[in-house]
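Undergrad: Let me give you the structure first, and then I'll get to my questions.
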Amino acid sequence: MSEKFHEQLKELKKDLLDMANLSKDMLHKSVKALKEQDNELADWVISKKGELAEMDSKIEEEAFILLTLHQPMAKDMRSLACVLKMITYLARIGRYGKDIAVLAKELSDQPHIAKLVSLPHMERIVCSMITDALTAFENWDIKYIQDFKERDDEVDAMRYSIFRECLTYMMEDQKKISRCINYIMISRYLERCADHALKMAEKIHYMITGEHIDIDDKISGL
Amino acid sequence: MVIKLLGMFKEGSENAVASENENTTSDVESEYGHIQLKKVSVFYEDDEAVKEIDMDIKEHTVTAFIGPSGCGKSTLLRCFNRMNGEIVGCRMEGSIIWNGTDILSKEVDPVALRKKVGMVFQKPNPFPKSIYDNVAYGPRIHSVPRKKELDKIVEKSLKEAALWDEVSDRLGDSAMGLSGGQQQRLCIARALAIEPEIILLDEPCSALDPIATSKIEDLINILKKKYTVIIVTHNMQQAARVSDYTGFMYLGELIEFGDTKHIFENPQQELTEKYITGRFG
């Protein structure tokens, strides 16, 4: 295969990392906007939806061109397959960021019903998973993704904890129901983002080792 | 005993297959139909072109050899029908056990062996004769079948080579008037006419256009149901598409051999990885 192909593949991986950074930024800033009730920041996140979709389409198109023209094998084929799967997960993570930003705006008209601790903590874990998945991808090293199951379990546990906490608030005061439903929705979005990060890790593991693994078989239909 | 085992490669005794009781020599370890290579080396004068290759080729599968030019894959292919023996200064060592017989042994008649091992080359090489005569050529020299019987062999071979529908109404026409792809399928039909068990294909599509290539590839897929196919190709995508097992050769050595899917998806040897991803070669 030509040097040109390997250059193009390198470029494609760079584009993927740019997309991943935008996606992660959208998620991070959406939770920041929620916490600080910053509508301007929420609007910034919402405005990035189109850009993310464009990056998704561009990378997909470039990957298809490389597949068609070069029919790569072995680790080159695995890299392209991984890129094609990762853009879907990254697009979804970014979109969840946008969805959280929309809810953040809705929740900005009144103070939060309690100090927001768990949701930002969930976001930090999810973003650390995305960061480490990308480091593994960039450095061709699976050591960064080896504890993803534990991290995902923690995110799952936090989601149930937030649900129970909200349940208590809702039982105390029915006026809090609509706000609490939004918090529960956000925790659900963050939990799904962790699932996407975990699925990315599985694809990166395949790219690096050639072996398919199932880090958490409870997650399906992603 | 040995003579009996070699019987299948003697003219007129093709049914003399070694029975289980007869397989008592230490050499006879391979399962019936499998081809077992043991330390096969080929020398051109002092130059070792193929180095001590050990491998098993399963019956009714397609095995592909890939590797850069000059790595010895065609030389290895020619061991299976002893064609290297026709090259001055070329000698083969080791053994290839097939149906209980070492086909590299001097007792084996290469002409009789070639009746069981058909070969198709890179460039279509039909004889300057009619389509019919090209296919009938082999059966005619191996035996003298009646016209009716010969007609049947020609029809069957052309059908198996997926060429019958295109030439059935002009069997008397010169084979030289066929397209490249048709000529190559005619050569395959010619090889099939002598009812071989193994088909060797040495770069069979390198001189063909993509449509003719895809016809040959479809044909290989059909042929493996009845024959054991061994193919040498430069085209890695073709090896990936048509073969069940792939061997990667480099400088006369078999670097890696295994399931085609594994070789192309996740090769275990760095050299294989570098070659199939185009980082060298």
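Following the order of the structure tokens, chains are lettered A, B, ..., residues in each are numbered from 1, and ligands are numbered from 1.
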So that I can see what lies close to Gly72 in chain B, please list as an mmCIF file with C-alpha atoms, in the first residue's frame the residues with an atom at most 6 Å from it, counting only C-alpha atoms and leaving out residues fewer than 5 positions away in the same chain.
TA:
```cif
data_model
loop_
_atom_site.group_PDB
_atom_site.id
_atom_site.type_symbol
_atom_site.label_atom_id
_atom_site.label_comp_id
_atom_site.auth_asym_id
_atom_site.auth_seq_id
_atom_site.Cartn_x
_atom_site.Cartn_y
_atom_site.Cartn_z
ATOM 1 C CA ALA B 49 14.744 -20.861 -3.243
ATOM 2 C CA VAL B 50 12.369 -22.684 -0.892
ATOM 3 C CA GLY B 252 11.946 -18.862 0.517
#
```
Undergrad: Counting only C-alpha atoms, what is within 10 Å of range 216-223 of chain B, bar same-chain residues fewer than 3 positions away, as a ChimeraX atom specification?
TA: /B:60-62,160-162,181-182,184-185,188,192,198-199,201,204-205,208,210-213,226-231,238-239,241-244
Undergrad: For the residues in that selection, give me C-alpha atoms as a PDB file, in the first residue's frame.
TA:
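Contents of selection.pdb, as written:
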```pdb
ATOM      1  CA  HIS B  60     -11.379 -29.555  -0.783  1.00  0.00           C
ATOM      2  CA  THR B  61     -10.036 -26.225   0.369  1.00  0.00           C
ATOM      3  CA  VAL B  62      -8.429 -23.312  -1.414  1.00  0.00           C
ATOM      4  CA  GLU B 160     -17.294 -27.198 -14.662  1.00  0.00           C
ATOM      5  CA  ALA B 161     -15.115 -24.369 -15.955  1.00  0.00           C
ATOM      6  CA  ALA B 162     -18.264 -22.230 -16.452  1.00  0.00           C
ATOM      7  CA  GLY B 181     -10.877 -14.694 -19.697  1.00  0.00           C
ATOM      8  CA  GLN B 182     -12.485 -17.384 -21.849  1.00  0.00           C
ATOM      9  CA  GLN B 184      -8.099 -18.987 -19.156  1.00  0.00           C
ATOM     10  CA  ARG B 185     -11.326 -20.844 -18.348  1.00  0.00           C
ATOM     11  CA  ILE B 188      -9.013 -24.720 -16.548  1.00  0.00           C
ATOM     12  CA  LEU B 192     -10.242 -30.659 -15.457  1.00  0.00           C
ATOM     13  CA  ILE B 198      -5.581 -31.059  -7.176  1.00  0.00           C
ATOM     14  CA  ILE B 199      -5.656 -27.875  -9.249  1.00  0.00           C
ATOM     15  CA  LEU B 201      -3.244 -21.990 -10.230  1.00  0.00           C
ATOM     16  CA  PRO B 204      -4.435 -17.209 -12.971  1.00  0.00           C
ATOM     17  CA  CYS B 205      -5.965 -13.740 -13.167  1.00  0.00           C
ATOM     18  CA  LEU B 208      -7.312 -10.728 -17.072  1.00  0.00           C
ATOM     19  CA  PRO B 210     -11.841  -7.392 -13.618  1.00  0.00           C
ATOM     20  CA  ILE B 211     -14.920  -9.118 -15.087  1.00  0.00           C
ATOM     21  CA  ALA B 212     -12.948 -12.150 -16.279  1.00  0.00           C
ATOM     22  CA  THR B 213     -11.145 -12.154 -12.920  1.00  0.00           C
ATOM     23  CA  LYS B 226     -14.644 -31.234  -5.877  1.00  0.00           C
ATOM     24  CA  TYR B 227     -10.957 -30.439  -6.003  1.00  0.00           C
ATOM     25  CA  THR B 228      -8.186 -29.211  -3.737  1.00  0.00           C
ATOM     26  CA  VAL B 229      -7.093 -25.851  -5.090  1.00  0.00           C
ATOM     27  CA  ILE B 230      -3.690 -24.243  -4.503  1.00  0.00           C
ATOM     28  CA  ILE B 231      -3.261 -20.744  -5.853  1.00  0.00           C
ATOM     29  CA  GLN B 238      -7.941 -11.959  -4.344  1.00  0.00           C
ATOM     30  CA  ALA B 239      -6.240 -14.301  -1.877  1.00  0.00           C
ATOM     31  CA  ARG B 241     -11.609 -13.408  -1.331  1.00  0.00           C
ATOM     32  CA  VAL B 242     -11.030 -16.882  -2.687  1.00  0.00           C
ATOM     33  CA  SER B 243      -8.936 -18.845  -0.223  1.00  0.00           C
ATOM     34  CA  ASP B 244      -9.660 -20.689   3.004  1.00  0.00           C
TER      35      ASP B 244
END
```
Undergrad: Would you list the contacts of Met77 in chain A as a list in words, taking every protein, DNA or RNA residue within 10 Å and counting only C-alpha atoms, but skipping same-chain residues closer than 4 positions in sequence?
TA: Leu66, Leu67, His70, Gln71, Pro72, Met73, Ala81, Cys82, Val83 and Met207 of chain A; Phe264, Glu265, Asn266 and Thr277 of chain B
Undergrad: Write a file of the selected residues as an mmCIF file, in the first residue's frame, keeping C-alpha atoms.
TA:
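Result saved to again.cif:
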```cif
data_model
loop_
_atom_site.group_PDB
_atom_site.id
_atom_site.type_symbol
_atom_site.label_atom_id
_atom_site.label_comp_id
_atom_site.auth_asym_id
_atom_site.auth_seq_id
_atom_site.Cartn_x
_atom_site.Cartn_y
_atom_site.Cartn_z
ATOM 1 C CA LEU A 66 -9.799 4.893 1.710
ATOM 2 C CA LEU A 67 -11.562 1.530 1.937
ATOM 3 C CA HIS A 70 -6.915 0.840 -1.018
ATOM 4 C CA GLN A 71 -8.786 -2.147 0.448
ATOM 5 C CA PRO A 72 -6.546 -2.141 3.508
ATOM 6 C CA MET A 73 -5.621 -5.233 5.479
ATOM 7 C CA ALA A 81 -13.151 -0.167 11.096
ATOM 8 C CA CYS A 82 -12.475 1.352 14.519
ATOM 9 C CA VAL A 83 -12.688 4.920 13.189
ATOM 10 C CA MET A 207 -7.894 -2.214 16.607
ATOM 11 C CA PHE B 264 -5.606 -10.747 6.764
ATOM 12 C CA GLU B 265 -7.349 -9.490 9.874
ATOM 13 C CA ASN B 266 -4.815 -10.126 12.572
ATOM 14 C CA THR B 277 -0.342 -3.483 4.930
#
```
Undergrad: Record the distance separating CA of His205 in chain A and CA of Ile142 in chain A, expressed in Å with one decimal.
TA: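 Between CA of His205 in chain A and CA of Ile142 in chain A the gap is 6.3 Å.
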Undergrad: Could you name the residues that touch Ala175 in chain B at 10 Å or less, counting only C-alpha atoms, but leaving out those on the same chain fewer than 4 positions away, as a list in words?
TA: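 Neighbouring residues, sequence-local ones excluded: Asn125, Pro126, Phe127, Pro128, Lys129, Ser130, Ile131, Tyr132, Asp133, Asn134, Val167, Arg170, Leu171, Ser179, Gln182, Gln183, Leu186 and Cys187 of chain B.
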Undergrad: Just N, CA and C atoms for this one: save the residues we selected as an mmCIF file, in the first residue's frame.
TA:
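The resulting file, out-v3.cif, is reproduced below:
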```
data_model
loop_
_atom_site.group_PDB
_atom_site.id
_atom_site.type_symbol
_atom_site.label_atom_id
_atom_site.label_comp_id
_atom_site.auth_asym_id
_atom_site.auth_seq_id
_atom_site.Cartn_x
_atom_site.Cartn_y
_atom_site.Cartn_z
ATOM 1 N N ASN B 125 -2.792 -20.170 -22.099
ATOM 2 C CA ASN B 125 -1.944 -20.775 -23.135
ATOM 3 C C ASN B 125 -2.675 -21.907 -23.868
ATOM 4 N N PRO B 126 -3.818 -21.570 -24.507
ATOM 5 C CA PRO B 126 -4.512 -22.645 -25.233
ATOM 6 C C PRO B 126 -3.667 -23.122 -26.412
ATOM 7 N N PHE B 127 -3.883 -24.368 -26.807
ATOM 8 C CA PHE B 127 -3.190 -24.876 -27.994
ATOM 9 C C PHE B 127 -3.838 -24.246 -29.227
ATOM 10 N N PRO B 128 -3.079 -24.059 -30.289
ATOM 11 C CA PRO B 128 -3.682 -23.483 -31.515
ATOM 12 C C PRO B 128 -4.557 -24.523 -32.216
ATOM 13 N N LYS B 129 -5.569 -24.942 -31.522
ATOM 14 C CA LYS B 129 -6.492 -25.967 -32.026
ATOM 15 C C LYS B 129 -7.900 -25.493 -31.727
ATOM 16 N N SER B 130 -8.866 -26.327 -32.031
ATOM 17 C CA SER B 130 -10.241 -25.943 -31.743
ATOM 18 C C SER B 130 -10.499 -26.017 -30.240
ATOM 19 N N ILE B 131 -11.602 -25.399 -29.824
ATOM 20 C CA ILE B 131 -11.978 -25.429 -28.401
ATOM 21 C C ILE B 131 -12.119 -26.887 -27.960
ATOM 22 N N TYR B 132 -12.792 -27.658 -28.788
ATOM 23 C CA TYR B 132 -13.034 -29.073 -28.475
ATOM 24 C C TYR B 132 -11.700 -29.814 -28.305
ATOM 25 N N ASP B 133 -10.816 -29.630 -29.268
ATOM 26 C CA ASP B 133 -9.549 -30.368 -29.235
ATOM 27 C C ASP B 133 -8.678 -29.981 -28.046
ATOM 28 N N ASN B 134 -8.776 -28.723 -27.632
ATOM 29 C CA ASN B 134 -8.012 -28.300 -26.460
ATOM 30 C C ASN B 134 -8.404 -29.110 -25.239
ATOM 31 N N VAL B 167 -19.598 -21.281 -25.270
ATOM 32 C CA VAL B 167 -18.919 -21.866 -26.439
ATOM 33 C C VAL B 167 -19.601 -23.110 -27.019
ATOM 34 N N ARG B 170 -20.009 -23.412 -30.713
ATOM 35 C CA ARG B 170 -18.847 -23.200 -31.606
ATOM 36 C C ARG B 170 -17.623 -23.960 -31.108
ATOM 37 N N LEU B 171 -17.840 -25.217 -30.771
ATOM 38 C CA LEU B 171 -16.738 -26.030 -30.239
ATOM 39 C C LEU B 171 -15.633 -26.260 -31.267
ATOM 40 N N SER B 179 -11.816 -14.733 -25.855
ATOM 41 C CA SER B 179 -11.240 -13.612 -25.092
ATOM 42 C C SER B 179 -10.252 -14.180 -24.056
ATOM 43 N N GLN B 182 -11.963 -16.100 -21.345
ATOM 44 C CA GLN B 182 -12.485 -17.384 -21.849
ATOM 45 C C GLN B 182 -11.345 -18.371 -22.079
ATOM 46 N N GLN B 183 -10.227 -17.852 -22.595
ATOM 47 C CA GLN B 183 -9.070 -18.731 -22.819
ATOM 48 C C GLN B 183 -8.581 -19.321 -21.497
ATOM 49 N N LEU B 186 -10.839 -21.918 -20.469
ATOM 50 C CA LEU B 186 -10.618 -23.091 -21.327
ATOM 51 C C LEU B 186 -9.418 -23.896 -20.791
ATOM 52 N N CYS B 187 -8.400 -23.181 -20.370
ATOM 53 C CA CYS B 187 -7.230 -23.870 -19.800
ATOM 54 C C CYS B 187 -7.627 -24.619 -18.529
#
```
Undergrad: Using only C-alpha atoms, which protein or nucleic acid residues come within 6 Å of Asn39 in chain A? Drop anything in the same chain fewer than 2 positions from it, and give the result as a PyMOL selection string.
TA: chain A and resi 41-42+105
